[in-house]
Amino acid sequence: MCGIAGIFNFRDGQPVGRGTLDAMLGAIRHRGPDQFGIYQYHDEHRAVGMGNARLSIIDLSGGQQPIANGRETAWIVFNGEIFNYVELRAEMVREGEAFRTESDTEVVVRLYDKLGPACVQRLNGQFAFAIWDEVAQRLVIARDRMGIRPLYYTIQDGAFLFASEVKALLASGRVQAELDPVSLDQLFTFWSPLAPRTAFKEIYTLPPGHWLTVDPQGRLTIEGFWEPTFPPAGMESSSECAGPLTIDEAAGQLRELLVEATTLRLRADVPVGAYLSGGLDSSAIAALIRHYTGNHLETFSIAFSDPAFDESGFQRQMAAHLGTDHHTVLADYADIGEAFPEVIWHTEVPLLRTSPAPLYLLSRFVRESGFKVVLTGEGADEVLGGYNIFKEAKIRRFWARRPESAWRPALLRRLYPFIDGLATDNGRYLHQFFGQGLVEVEQQAYSHMIRWRNTSRTKRFFSRELSTVLAGRERVPLEELSLPEAFDTWSGLGKAQFLEMKIFLAEYLLSSQGDRMAMANSVEGRFPFLDHRVVTFCNGLPPQWKLRGLDEKYLLKRAVRDLLPEEVWNRPKRPYRAPIHRSFFPDSRPLPWVAELLSPARIEAAGYFDPQAVALLRKKLERLGRLSETDEMALAGILSTQLVHEQFVDRYRQPQPLNEDDDTKVIARHGDKDEEEDCLARERIIGSYWGIM
């Protein structure tokens, strides 16, 4: 795992200075504090500078980046892991390739030398990388299939800039930070901006499963190489993914795939731990490790002082069952609230939840315990039908056949006992809330429309100025979702899973709750359920094997229940959540930073929200001592937007020129080398240095 950053000056041959690369890498040193390296190239027409901040996990002594192909005509900076690198390397060795290192990074650049950008199709991993191809005079960047590792880019003044995090782009001194109103509108609807948008104007994310090339003239070409897909409704049991399987055969195949995906993700030259939430998914991964490898395993959990969110009892039971060396971090309200500003610095985007904060505290504890790598159960809900939103859509479709029925909507009471008001006997409330657009079952986003409409209510706190800019976007803009051509042929569950994978999983869960919270503390998360072979197999299964009635992840339970206590595999699904208003207002009083950012003066100065509406929200909380689910989201969204404005817009309001001659951060440098003898005087400089900037 690493952080990468770089600049391609395609308009002229102005070299990319070492001071610029130092600043960009310094902004993301938390991603890779072990080693730092730079690559520089320029001729009279164009120039490239790339850097890597390395978290050393594989080939600790020899995997230092940047790394070149055999002919030293292609150079790579790489973030992530290629889990099948051992097999790929052996294959290329048989073909006569001679490797200099034992690292997975060298495998990627040598595979690129053979296949070009299409090499990504051979990779099983989680990755974001950039390759400068000196022969083709082009820059290639790529991102893994599911979007586990981030990659951002922008074009400024004849230069293409890329980085693992936005703050590295801003640190270049060439990029100005300004929040994008359309992205805010999307975020307060979908929980995140939709790729390729980010929270900031003119800064983009490379969508999952895509590569991008920048040619010598600065022209961009973006190509997709993978996205989740599903068979037509009714064809799942005979699809190329599932084949003509019985359910027991499918459970056996799922287990085999998970065993291989899990054992591959144990490949590391450092100790590997595992998160243990107390639920089915993380318990299954930990059980597979113990059962199939016999490895000693250390597990890590987050516990809450508030019993409404705490699952520590199940965590301890599962740890005792597996015999792991178990560690727990306890988070109270103040812990979450006090960590939230740091959380936003790392997410670089407003949040409608506080859920990332406890994971930030957990990863910090993991790193303090001497671990750089943890396996987690993320992704099982998306690929195996685990979320309540899937059950909700199923019940609503059932209800829509008899809209006048009184008992069919009553099934919804079983889904949300943890949300005030939804589990009561108030039938009128259930009808009003879940009956919105009930019979519009042919609508493409039928499964998610209630969530999006409900979340959109948070936009009533927008300022008049922001609302004016967004006029005409009152309805959810479905055309922004970029749905596949075959989408309408899929089952209802398949459509819902696709939306969840493409929006919630890729743009929120794997980013704000995943990569950013772990890498904030230099910890790498690995996700066996997101092995693309597991995803493809599960997508081809009949819907009823994943969601059997209202029993979620049915096939997974069938596949692993012999490894787990029944109290764990058969327990009702409980989503991971964290307290919101109590974290910002512990003991009914706001934390100092909360009081400051919610003050009318600060709200008005930033300009995104209506000071009077925010003041009324605060008074409502003081009067009632609680907030509705929508108001909880609004509170988190307002505070986090204010933090993003303060930490990024105010801080990077104007690009700052850098001193390119500052060599003070270079601890060791290895040679300058003239590459060509002709009049172009092409030059490459490979710089490598250790330590923290």
# chains A, B, ... in the order shown; residues from 1 in each chain; ligands from 1
$ residues_around --residues "Ile344 in chain A" --least-positions-apart "6" --cutoff "9 Å" --atoms "only C-alpha atoms" --output "PyMOL selection string"
chain A and resi 350-351+512+640-641+643-644+647
$ write_last_selection --atoms "N, CA, C and O atoms" --output "PDB file, in the first residue's frame"
ATOM      1  N   PRO A 350     -17.734  15.883   2.406  1.00  0.00           N
ATOM      2  CA  PRO A 350     -18.726  15.901   3.484  1.00  0.00           C
ATOM      3  C   PRO A 350     -19.348  14.527   3.689  1.00  0.00           C
ATOM      4  O   PRO A 350     -19.462  13.725   2.757  1.00  0.00           O
ATOM      5  N   LEU A 351     -19.781  14.256   4.910  1.00  0.00           N
ATOM      6  CA  LEU A 351     -20.390  12.982   5.284  1.00  0.00           C
ATOM      7  C   LEU A 351     -21.756  13.215   5.906  1.00  0.00           C
ATOM      8  O   LEU A 351     -21.950  14.201   6.617  1.00  0.00           O
ATOM      9  N   SER A 512     -14.750   6.562   2.104  1.00  0.00           N
ATOM     10  CA  SER A 512     -14.799   7.275   3.380  1.00  0.00           C
ATOM     11  C   SER A 512     -14.691   6.351   4.581  1.00  0.00           C
ATOM     12  O   SER A 512     -14.076   6.703   5.593  1.00  0.00           O
ATOM     13  N   SER A 640     -19.810  18.569   8.505  1.00  0.00           N
ATOM     14  CA  SER A 640     -18.707  18.079   7.677  1.00  0.00           C
ATOM     15  C   SER A 640     -18.461  18.988   6.482  1.00  0.00           C
ATOM     16  O   SER A 640     -17.307  19.163   6.059  1.00  0.00           O
ATOM     17  N   THR A 641     -19.509  19.578   5.921  1.00  0.00           N
ATOM     18  CA  THR A 641     -19.311  20.535   4.829  1.00  0.00           C
ATOM     19  C   THR A 641     -18.554  21.758   5.326  1.00  0.00           C
ATOM     20  O   THR A 641     -17.650  22.271   4.648  1.00  0.00           O
ATOM     21  N   LEU A 643     -16.467  21.774   7.750  1.00  0.00           N
ATOM     22  CA  LEU A 643     -15.084  21.345   7.945  1.00  0.00           C
ATOM     23  C   LEU A 643     -14.327  21.276   6.624  1.00  0.00           C
ATOM     24  O   LEU A 643     -13.158  21.686   6.540  1.00  0.00           O
ATOM     25  N   VAL A 644     -14.951  20.726   5.582  1.00  0.00           N
ATOM     26  CA  VAL A 644     -14.298  20.667   4.266  1.00  0.00           C
ATOM     27  C   VAL A 644     -13.966  22.075   3.783  1.00  0.00           C
ATOM     28  O   VAL A 644     -12.884  22.339   3.244  1.00  0.00           O
ATOM     29  N   GLN A 647     -10.996  23.311   5.989  1.00  0.00           N
ATOM     30  CA  GLN A 647      -9.738  22.579   5.840  1.00  0.00           C
ATOM     31  C   GLN A 647      -9.162  22.630   4.434  1.00  0.00           C
ATOM     32  O   GLN A 647      -7.942  22.497   4.260  1.00  0.00           O
TER      33      GLN A 647
END
$ closest_atom_pairs --of "range 468-529 of chain A" --to "range 43-63 of chain A" --cutoff "9 Å" --atoms "only C-alpha atoms" --output "tab-separated table"
residue	atom	partner	partner_atom	distance
A:Ser522	CA	A:Leu55	CA	7.0
A:Val523	CA	A:Leu55	CA	8.4
A:Glu524	CA	A:Leu55	CA	8.7
$ residues_around --residues "range 354-359 of chain A" --least-positions-apart "3" --cutoff "9 Å" --atoms "only C-alpha atoms" --output "PDB file with all heavy atoms, in the first residue's frame"
ATOM      1  N   ILE A 302     -14.323  -2.731  17.334  1.00  0.00           N
ATOM      2  CA  ILE A 302     -14.749  -1.465  17.925  1.00  0.00           C
ATOM      3  C   ILE A 302     -15.981  -1.728  18.780  1.00  0.00           C
ATOM      4  O   ILE A 302     -16.906  -2.420  18.347  1.00  0.00           O
ATOM      5  CB  ILE A 302     -15.033  -0.398  16.841  1.00  0.00           C
ATOM      6  CG1 ILE A 302     -15.274   0.959  17.479  1.00  0.00           C
ATOM      7  CG2 ILE A 302     -16.191  -0.793  15.952  1.00  0.00           C
ATOM      8  CD1 ILE A 302     -14.011   1.653  17.900  1.00  0.00           C
ATOM      9  N   ALA A 303     -15.968  -1.229  19.991  1.00  0.00           N
ATOM     10  CA  ALA A 303     -17.120  -1.323  20.889  1.00  0.00           C
ATOM     11  C   ALA A 303     -17.598   0.089  21.205  1.00  0.00           C
ATOM     12  O   ALA A 303     -16.826   1.057  21.129  1.00  0.00           O
ATOM     13  CB  ALA A 303     -16.749  -2.064  22.168  1.00  0.00           C
ATOM     14  N   PHE A 304     -18.865   0.212  21.548  1.00  0.00           N
ATOM     15  CA  PHE A 304     -19.458   1.515  21.832  1.00  0.00           C
ATOM     16  C   PHE A 304     -19.943   1.567  23.273  1.00  0.00           C
ATOM     17  O   PHE A 304     -20.495   0.591  23.791  1.00  0.00           O
ATOM     18  CB  PHE A 304     -20.628   1.795  20.891  1.00  0.00           C
ATOM     19  CG  PHE A 304     -20.233   1.976  19.446  1.00  0.00           C
ATOM     20  CD1 PHE A 304     -20.202   0.904  18.574  1.00  0.00           C
ATOM     21  CD2 PHE A 304     -19.879   3.228  18.969  1.00  0.00           C
ATOM     22  CE1 PHE A 304     -19.836   1.061  17.248  1.00  0.00           C
ATOM     23  CE2 PHE A 304     -19.508   3.405  17.647  1.00  0.00           C
ATOM     24  CZ  PHE A 304     -19.491   2.320  16.778  1.00  0.00           C
ATOM     25  N   VAL A 329     -11.344  -1.677  20.986  1.00  0.00           N
ATOM     26  CA  VAL A 329     -11.287  -0.240  21.251  1.00  0.00           C
ATOM     27  C   VAL A 329     -12.687   0.202  21.631  1.00  0.00           C
ATOM     28  O   VAL A 329     -13.663  -0.103  20.927  1.00  0.00           O
ATOM     29  CB  VAL A 329     -10.811   0.540  20.013  1.00  0.00           C
ATOM     30  CG1 VAL A 329     -10.924   2.036  20.246  1.00  0.00           C
ATOM     31  CG2 VAL A 329      -9.388   0.173  19.667  1.00  0.00           C
ATOM     32  N   LEU A 330     -12.808   0.917  22.731  1.00  0.00           N
ATOM     33  CA  LEU A 330     -14.099   1.435  23.183  1.00  0.00           C
ATOM     34  C   LEU A 330     -14.239   2.887  22.753  1.00  0.00           C
ATOM     35  O   LEU A 330     -13.362   3.713  23.030  1.00  0.00           O
ATOM     36  CB  LEU A 330     -14.221   1.333  24.705  1.00  0.00           C
ATOM     37  CG  LEU A 330     -15.522   1.878  25.314  1.00  0.00           C
ATOM     38  CD1 LEU A 330     -16.711   1.034  24.853  1.00  0.00           C
ATOM     39  CD2 LEU A 330     -15.433   1.902  26.835  1.00  0.00           C
ATOM     40  N   ALA A 331     -15.328   3.198  22.056  1.00  0.00           N
ATOM     41  CA  ALA A 331     -15.594   4.561  21.593  1.00  0.00           C
ATOM     42  C   ALA A 331     -16.807   5.113  22.314  1.00  0.00           C
ATOM     43  O   ALA A 331     -17.885   4.499  22.287  1.00  0.00           O
ATOM     44  CB  ALA A 331     -15.824   4.577  20.084  1.00  0.00           C
ATOM     45  N   ASP A 335     -15.327  10.689  22.054  1.00  0.00           N
ATOM     46  CA  ASP A 335     -14.259  10.151  21.198  1.00  0.00           C
ATOM     47  C   ASP A 335     -14.596  10.361  19.729  1.00  0.00           C
ATOM     48  O   ASP A 335     -13.743  10.766  18.921  1.00  0.00           O
ATOM     49  CB  ASP A 335     -14.061   8.657  21.462  1.00  0.00           C
ATOM     50  CG  ASP A 335     -13.510   8.365  22.848  1.00  0.00           C
ATOM     51  OD1 ASP A 335     -12.771   9.207  23.382  1.00  0.00           O
ATOM     52  OD2 ASP A 335     -13.836   7.295  23.383  1.00  0.00           O
ATOM     53  N   ILE A 336     -15.838  10.054  19.372  1.00  0.00           N
ATOM     54  CA  ILE A 336     -16.268  10.165  17.974  1.00  0.00           C
ATOM     55  C   ILE A 336     -16.291  11.620  17.539  1.00  0.00           C
ATOM     56  O   ILE A 336     -15.786  11.986  16.468  1.00  0.00           O
ATOM     57  CB  ILE A 336     -17.647   9.509  17.796  1.00  0.00           C
ATOM     58  CG1 ILE A 336     -17.556   8.004  18.089  1.00  0.00           C
ATOM     59  CG2 ILE A 336     -18.192   9.755  16.387  1.00  0.00           C
ATOM     60  CD1 ILE A 336     -18.891   7.310  18.186  1.00  0.00           C
ATOM     61  N   GLY A 337     -16.884  12.475  18.373  1.00  0.00           N
ATOM     62  CA  GLY A 337     -16.979  13.886  18.021  1.00  0.00           C
ATOM     63  C   GLY A 337     -15.634  14.569  17.918  1.00  0.00           C
ATOM     64  O   GLY A 337     -15.398  15.384  17.017  1.00  0.00           O
ATOM     65  N   ALA A 339     -12.804  13.165  17.166  1.00  0.00           N
ATOM     66  CA  ALA A 339     -12.049  12.642  16.017  1.00  0.00           C
ATOM     67  C   ALA A 339     -12.608  13.133  14.686  1.00  0.00           C
ATOM     68  O   ALA A 339     -11.918  13.046  13.662  1.00  0.00           O
ATOM     69  CB  ALA A 339     -12.067  11.110  16.036  1.00  0.00           C
ATOM     70  N   PHE A 340     -13.829  13.647  14.671  1.00  0.00           N
ATOM     71  CA  PHE A 340     -14.522  13.935  13.412  1.00  0.00           C
ATOM     72  C   PHE A 340     -13.774  14.934  12.519  1.00  0.00           C
ATOM     73  O   PHE A 340     -13.696  14.715  11.301  1.00  0.00           O
ATOM     74  CB  PHE A 340     -15.939  14.424  13.699  1.00  0.00           C
ATOM     75  CG  PHE A 340     -16.866  14.312  12.530  1.00  0.00           C
ATOM     76  CD1 PHE A 340     -17.275  13.074  12.047  1.00  0.00           C
ATOM     77  CD2 PHE A 340     -17.337  15.448  11.888  1.00  0.00           C
ATOM     78  CE1 PHE A 340     -18.134  12.966  10.966  1.00  0.00           C
ATOM     79  CE2 PHE A 340     -18.201  15.360  10.803  1.00  0.00           C
ATOM     80  CZ  PHE A 340     -18.598  14.114  10.339  1.00  0.00           C
ATOM     81  N   GLU A 342     -10.586  15.353  12.169  1.00  0.00           N
ATOM     82  CA  GLU A 342      -9.497  14.596  11.546  1.00  0.00           C
ATOM     83  C   GLU A 342     -10.041  13.626  10.502  1.00  0.00           C
ATOM     84  O   GLU A 342      -9.428  13.408   9.446  1.00  0.00           O
ATOM     85  CB  GLU A 342      -8.707  13.844  12.619  1.00  0.00           C
ATOM     86  CG  GLU A 342      -7.467  13.145  12.111  1.00  0.00           C
ATOM     87  CD  GLU A 342      -6.342  14.083  11.727  1.00  0.00           C
ATOM     88  OE1 GLU A 342      -6.422  15.287  12.069  1.00  0.00           O
ATOM     89  OE2 GLU A 342      -5.384  13.618  11.079  1.00  0.00           O
ATOM     90  N   VAL A 343     -11.188  13.041  10.776  1.00  0.00           N
ATOM     91  CA  VAL A 343     -11.842  12.142   9.823  1.00  0.00           C
ATOM     92  C   VAL A 343     -12.127  12.871   8.519  1.00  0.00           C
ATOM     93  O   VAL A 343     -11.860  12.359   7.419  1.00  0.00           O
ATOM     94  CB  VAL A 343     -13.127  11.567  10.441  1.00  0.00           C
ATOM     95  CG1 VAL A 343     -14.015  10.926   9.367  1.00  0.00           C
ATOM     96  CG2 VAL A 343     -12.795  10.543  11.517  1.00  0.00           C
ATOM     97  N   THR A 347     -11.189  12.093   4.666  1.00  0.00           N
ATOM     98  CA  THR A 347     -12.190  11.732   3.651  1.00  0.00           C
ATOM     99  C   THR A 347     -12.211  12.721   2.501  1.00  0.00           C
ATOM    100  O   THR A 347     -12.516  12.361   1.371  1.00  0.00           O
ATOM    101  CB  THR A 347     -13.598  11.659   4.246  1.00  0.00           C
ATOM    102  OG1 THR A 347     -14.000  12.953   4.709  1.00  0.00           O
ATOM    103  CG2 THR A 347     -13.683  10.651   5.371  1.00  0.00           C
ATOM    104  N   LEU A 351     -19.781  14.256   4.910  1.00  0.00           N
ATOM    105  CA  LEU A 351     -20.390  12.982   5.284  1.00  0.00           C
ATOM    106  C   LEU A 351     -21.756  13.215   5.906  1.00  0.00           C
ATOM    107  O   LEU A 351     -21.950  14.201   6.617  1.00  0.00           O
ATOM    108  CB  LEU A 351     -19.510  12.239   6.298  1.00  0.00           C
ATOM    109  CG  LEU A 351     -18.083  11.884   5.895  1.00  0.00           C
ATOM    110  CD1 LEU A 351     -17.352  11.261   7.084  1.00  0.00           C
ATOM    111  CD2 LEU A 351     -18.082  10.924   4.713  1.00  0.00           C
ATOM    112  N   LEU A 362     -10.260   2.750  15.355  1.00  0.00           N
ATOM    113  CA  LEU A 362      -9.865   1.346  15.333  1.00  0.00           C
ATOM    114  C   LEU A 362      -8.563   1.155  14.563  1.00  0.00           C
ATOM    115  O   LEU A 362      -7.655   0.445  15.011  1.00  0.00           O
ATOM    116  CB  LEU A 362     -10.983   0.505  14.726  1.00  0.00           C
ATOM    117  CG  LEU A 362     -10.730  -1.002  14.609  1.00  0.00           C
ATOM    118  CD1 LEU A 362     -10.447  -1.616  15.970  1.00  0.00           C
ATOM    119  CD2 LEU A 362     -11.925  -1.691  13.940  1.00  0.00           C
ATOM    120  N   SER A 363      -8.442   1.780  13.402  1.00  0.00           N
ATOM    121  CA  SER A 363      -7.214   1.600  12.611  1.00  0.00           C
ATOM    122  C   SER A 363      -6.016   2.208  13.329  1.00  0.00           C
ATOM    123  O   SER A 363      -4.892   1.694  13.221  1.00  0.00           O
ATOM    124  CB  SER A 363      -7.373   2.204  11.214  1.00  0.00           C
ATOM    125  OG  SER A 363      -7.423   3.619  11.247  1.00  0.00           O
ATOM    126  N   ARG A 364      -6.236   3.274  14.049  1.00  0.00           N
ATOM    127  CA  ARG A 364      -5.138   3.852  14.831  1.00  0.00           C
ATOM    128  C   ARG A 364      -4.645   2.852  15.874  1.00  0.00           C
ATOM    129  O   ARG A 364      -3.433   2.683  16.070  1.00  0.00           O
ATOM    130  CB  ARG A 364      -5.606   5.147  15.502  1.00  0.00           C
ATOM    131  CG  ARG A 364      -4.500   5.878  16.258  1.00  0.00           C
ATOM    132  CD  ARG A 364      -4.986   7.222  16.753  1.00  0.00           C
ATOM    133  NE  ARG A 364      -6.005   7.093  17.786  1.00  0.00           N
ATOM    134  CZ  ARG A 364      -6.715   8.115  18.275  1.00  0.00           C
ATOM    135  NH1 ARG A 364      -6.515   9.338  17.796  1.00  0.00           N
ATOM    136  NH2 ARG A 364      -7.617   7.917  19.210  1.00  0.00           N
ATOM    137  N   LEU A 509     -18.567   3.667   0.965  1.00  0.00           N
ATOM    138  CA  LEU A 509     -18.106   2.652   1.916  1.00  0.00           C
ATOM    139  C   LEU A 509     -16.618   2.359   1.754  1.00  0.00           C
ATOM    140  O   LEU A 509     -15.864   2.343   2.731  1.00  0.00           O
ATOM    141  CB  LEU A 509     -18.925   1.372   1.749  1.00  0.00           C
ATOM    142  CG  LEU A 509     -18.853   0.381   2.909  1.00  0.00           C
ATOM    143  CD1 LEU A 509     -19.503   0.969   4.146  1.00  0.00           C
ATOM    144  CD2 LEU A 509     -19.544  -0.923   2.533  1.00  0.00           C
ATOM    145  N   SER A 512     -14.750   6.562   2.104  1.00  0.00           N
ATOM    146  CA  SER A 512     -14.799   7.275   3.380  1.00  0.00           C
ATOM    147  C   SER A 512     -14.691   6.351   4.581  1.00  0.00           C
ATOM    148  O   SER A 512     -14.076   6.703   5.593  1.00  0.00           O
ATOM    149  CB  SER A 512     -16.089   8.102   3.467  1.00  0.00           C
ATOM    150  OG  SER A 512     -16.092   9.111   2.483  1.00  0.00           O
ATOM    151  N   GLN A 513     -15.298   5.172   4.516  1.00  0.00           N
ATOM    152  CA  GLN A 513     -15.213   4.239   5.634  1.00  0.00           C
ATOM    153  C   GLN A 513     -14.073   3.241   5.484  1.00  0.00           C
ATOM    154  O   GLN A 513     -13.642   2.639   6.466  1.00  0.00           O
ATOM    155  CB  GLN A 513     -16.526   3.446   5.790  1.00  0.00           C
ATOM    156  CG  GLN A 513     -17.564   4.160   6.590  1.00  0.00           C
ATOM    157  CD  GLN A 513     -18.763   3.322   6.975  1.00  0.00           C
ATOM    158  OE1 GLN A 513     -19.810   3.858   7.234  1.00  0.00           O
ATOM    159  NE2 GLN A 513     -18.645   2.015   7.013  1.00  0.00           N
ATOM    160  N   GLY A 514     -13.573   3.067   4.277  1.00  0.00           N
ATOM    161  CA  GLY A 514     -12.582   2.041   4.027  1.00  0.00           C
ATOM    162  C   GLY A 514     -11.179   2.583   3.899  1.00  0.00           C
ATOM    163  O   GLY A 514     -10.464   2.762   4.878  1.00  0.00           O
ATOM    164  N   ARG A 516      -9.773   5.481   3.360  1.00  0.00           N
ATOM    165  CA  ARG A 516      -9.336   6.699   4.036  1.00  0.00           C
ATOM    166  C   ARG A 516      -9.130   6.510   5.532  1.00  0.00           C
ATOM    167  O   ARG A 516      -8.210   7.074   6.121  1.00  0.00           O
ATOM    168  CB  ARG A 516     -10.318   7.822   3.776  1.00  0.00           C
ATOM    169  CG  ARG A 516     -10.458   8.174   2.318  1.00  0.00           C
ATOM    170  CD  ARG A 516      -9.073   8.300   1.642  1.00  0.00           C
ATOM    171  NE  ARG A 516      -9.174   8.731   0.297  1.00  0.00           N
ATOM    172  CZ  ARG A 516      -9.319   9.993  -0.085  1.00  0.00           C
ATOM    173  NH1 ARG A 516      -9.366  10.942   0.816  1.00  0.00           N
ATOM    174  NH2 ARG A 516      -9.401  10.314  -1.345  1.00  0.00           N
ATOM    175  N   MET A 517     -10.011   5.743   6.176  1.00  0.00           N
ATOM    176  CA  MET A 517      -9.884   5.569   7.619  1.00  0.00           C
ATOM    177  C   MET A 517      -8.731   4.635   7.973  1.00  0.00           C
ATOM    178  O   MET A 517      -8.069   4.818   8.984  1.00  0.00           O
ATOM    179  CB  MET A 517     -11.187   5.038   8.203  1.00  0.00           C
ATOM    180  CG  MET A 517     -12.348   6.020   8.123  1.00  0.00           C
ATOM    181  SD  MET A 517     -12.016   7.638   8.881  1.00  0.00           S
ATOM    182  CE  MET A 517     -11.502   8.625   7.474  1.00  0.00           C
ATOM    183  N   ALA A 518      -8.479   3.640   7.150  1.00  0.00           N
ATOM    184  CA  ALA A 518      -7.345   2.749   7.405  1.00  0.00           C
ATOM    185  C   ALA A 518      -6.026   3.435   7.070  1.00  0.00           C
ATOM    186  O   ALA A 518      -5.087   3.454   7.872  1.00  0.00           O
ATOM    187  CB  ALA A 518      -7.501   1.463   6.608  1.00  0.00           C
ATOM    188  N   TYR A 576     -23.942  -1.639  10.620  1.00  0.00           N
ATOM    189  CA  TYR A 576     -22.969  -0.868  11.389  1.00  0.00           C
ATOM    190  C   TYR A 576     -23.368   0.601  11.381  1.00  0.00           C
ATOM    191  O   TYR A 576     -23.548   1.208  10.323  1.00  0.00           O
ATOM    192  CB  TYR A 576     -21.573  -1.042  10.793  1.00  0.00           C
ATOM    193  CG  TYR A 576     -20.571  -0.028  11.322  1.00  0.00           C
ATOM    194  CD1 TYR A 576     -20.143  -0.087  12.649  1.00  0.00           C
ATOM    195  CD2 TYR A 576     -20.091   0.984  10.509  1.00  0.00           C
ATOM    196  CE1 TYR A 576     -19.250   0.849  13.147  1.00  0.00           C
ATOM    197  CE2 TYR A 576     -19.190   1.910  10.993  1.00  0.00           C
ATOM    198  CZ  TYR A 576     -18.778   1.847  12.318  1.00  0.00           C
ATOM    199  OH  TYR A 576     -17.902   2.776  12.800  1.00  0.00           O
ATOM    200  N   ARG A 577     -23.524   1.172  12.567  1.00  0.00           N
ATOM    201  CA  ARG A 577     -23.904   2.575  12.711  1.00  0.00           C
ATOM    202  C   ARG A 577     -23.135   3.171  13.879  1.00  0.00           C
ATOM    203  O   ARG A 577     -22.575   2.447  14.709  1.00  0.00           O
ATOM    204  CB  ARG A 577     -25.414   2.711  12.957  1.00  0.00           C
ATOM    205  CG  ARG A 577     -26.272   2.134  11.869  1.00  0.00           C
ATOM    206  CD  ARG A 577     -27.733   1.997  12.289  1.00  0.00           C
ATOM    207  NE  ARG A 577     -28.396   3.275  12.402  1.00  0.00           N
ATOM    208  CZ  ARG A 577     -28.913   3.755  13.529  1.00  0.00           C
ATOM    209  NH1 ARG A 577     -28.811   3.065  14.659  1.00  0.00           N
ATOM    210  NH2 ARG A 577     -29.508   4.923  13.558  1.00  0.00           N
ATOM    211  N   ALA A 578     -23.128   4.492  13.944  1.00  0.00           N
ATOM    212  CA  ALA A 578     -22.495   5.200  15.056  1.00  0.00           C
ATOM    213  C   ALA A 578     -23.387   6.385  15.432  1.00  0.00           C
ATOM    214  O   ALA A 578     -24.094   6.934  14.581  1.00  0.00           O
ATOM    215  CB  ALA A 578     -21.103   5.683  14.664  1.00  0.00           C
ATOM    216  N   PRO A 579     -23.359   6.792  16.691  1.00  0.00           N
ATOM    217  CA  PRO A 579     -24.200   7.919  17.117  1.00  0.00           C
ATOM    218  C   PRO A 579     -23.791   9.210  16.423  1.00  0.00           C
ATOM    219  O   PRO A 579     -22.602   9.446  16.171  1.00  0.00           O
ATOM    220  CB  PRO A 579     -23.965   7.986  18.626  1.00  0.00           C
ATOM    221  CG  PRO A 579     -22.682   7.279  18.866  1.00  0.00           C
ATOM    222  CD  PRO A 579     -22.568   6.230  17.805  1.00  0.00           C
ATOM    223  N   ILE A 580     -24.771  10.060  16.156  1.00  0.00           N
ATOM    224  CA  ILE A 580     -24.482  11.320  15.460  1.00  0.00           C
ATOM    225  C   ILE A 580     -24.611  12.502  16.417  1.00  0.00           C
ATOM    226  O   ILE A 580     -23.603  13.041  16.888  1.00  0.00           O
ATOM    227  CB  ILE A 580     -25.389  11.486  14.221  1.00  0.00           C
ATOM    228  CG1 ILE A 580     -25.121  10.356  13.213  1.00  0.00           C
ATOM    229  CG2 ILE A 580     -25.138  12.839  13.556  1.00  0.00           C
ATOM    230  CD1 ILE A 580     -25.950  10.421  11.952  1.00  0.00           C
ATOM    231  N   SER A 583     -22.659  12.527  19.585  1.00  0.00           N
ATOM    232  CA  SER A 583     -21.215  12.666  19.435  1.00  0.00           C
ATOM    233  C   SER A 583     -20.798  14.126  19.344  1.00  0.00           C
ATOM    234  O   SER A 583     -19.693  14.493  19.769  1.00  0.00           O
ATOM    235  CB  SER A 583     -20.750  11.925  18.175  1.00  0.00           C
ATOM    236  OG  SER A 583     -21.043  10.544  18.271  1.00  0.00           O
ATOM    237  N   ALA A 636     -24.866  16.019  10.525  1.00  0.00           N
ATOM    238  CA  ALA A 636     -23.553  15.540  10.113  1.00  0.00           C
ATOM    239  C   ALA A 636     -23.107  16.193   8.810  1.00  0.00           C
ATOM    240  O   ALA A 636     -21.937  16.568   8.647  1.00  0.00           O
ATOM    241  CB  ALA A 636     -23.573  14.018   9.966  1.00  0.00           C
TER     242      ALA A 636
END
$ residues_around --residues "Val383 in chain A" --least-positions-apart "3" --cutoff "9 Å" --atoms "only C-alpha atoms" --output "ChimeraX atom specification"
/A:379-380,386,497-498,501,529-530,534-536,538-539,546,553
$ select_by_dssp --residues "range 203-260 of chain A" --states "strand (DSSP E)" --output "list in words"
Tyr204, Thr205, His210, Trp211, Leu212, Thr213, Val214, Leu220, Thr221, Ile222, Glu223 and Gly224 of chain A
$ residues_around --residues "Tyr204 in chain A" --least-positions-apart "4" --cutoff "7 Å" --atoms "only C-alpha atoms" --output "compact mmCIF listing (two decimals) with N, CA, C and O atoms, in the first residue's frame"
# COMPACT_ATOMS: atom_id res chain seq x y z
N TYR A 152 -7.26 10.25 -8.15
CA TYR A 152 -7.85 11.52 -8.55
C TYR A 152 -6.97 12.20 -9.58
O TYR A 152 -5.77 11.98 -9.65
N TYR A 153 -7.61 13.08 -10.39
CA TYR A 153 -6.84 13.79 -11.40
C TYR A 153 -7.50 15.12 -11.72
O TYR A 153 -8.67 15.36 -11.43
N THR A 154 -6.71 15.98 -12.32
CA THR A 154 -7.21 17.26 -12.82
C THR A 154 -6.28 17.72 -13.93
O THR A 154 -5.17 17.20 -14.08
N PRO A 196 -17.58 10.63 -12.29
CA PRO A 196 -16.21 11.04 -11.90
C PRO A 196 -16.14 12.30 -11.05
O PRO A 196 -15.04 12.80 -10.82
N ARG A 197 -17.26 12.83 -10.59
CA ARG A 197 -17.23 14.03 -9.76
C ARG A 197 -16.60 13.74 -8.39
O ARG A 197 -16.70 12.63 -7.87
N THR A 198 -15.98 14.76 -7.83
CA THR A 198 -15.58 14.76 -6.44
C THR A 198 -16.27 15.95 -5.78
O THR A 198 -17.07 16.65 -6.41
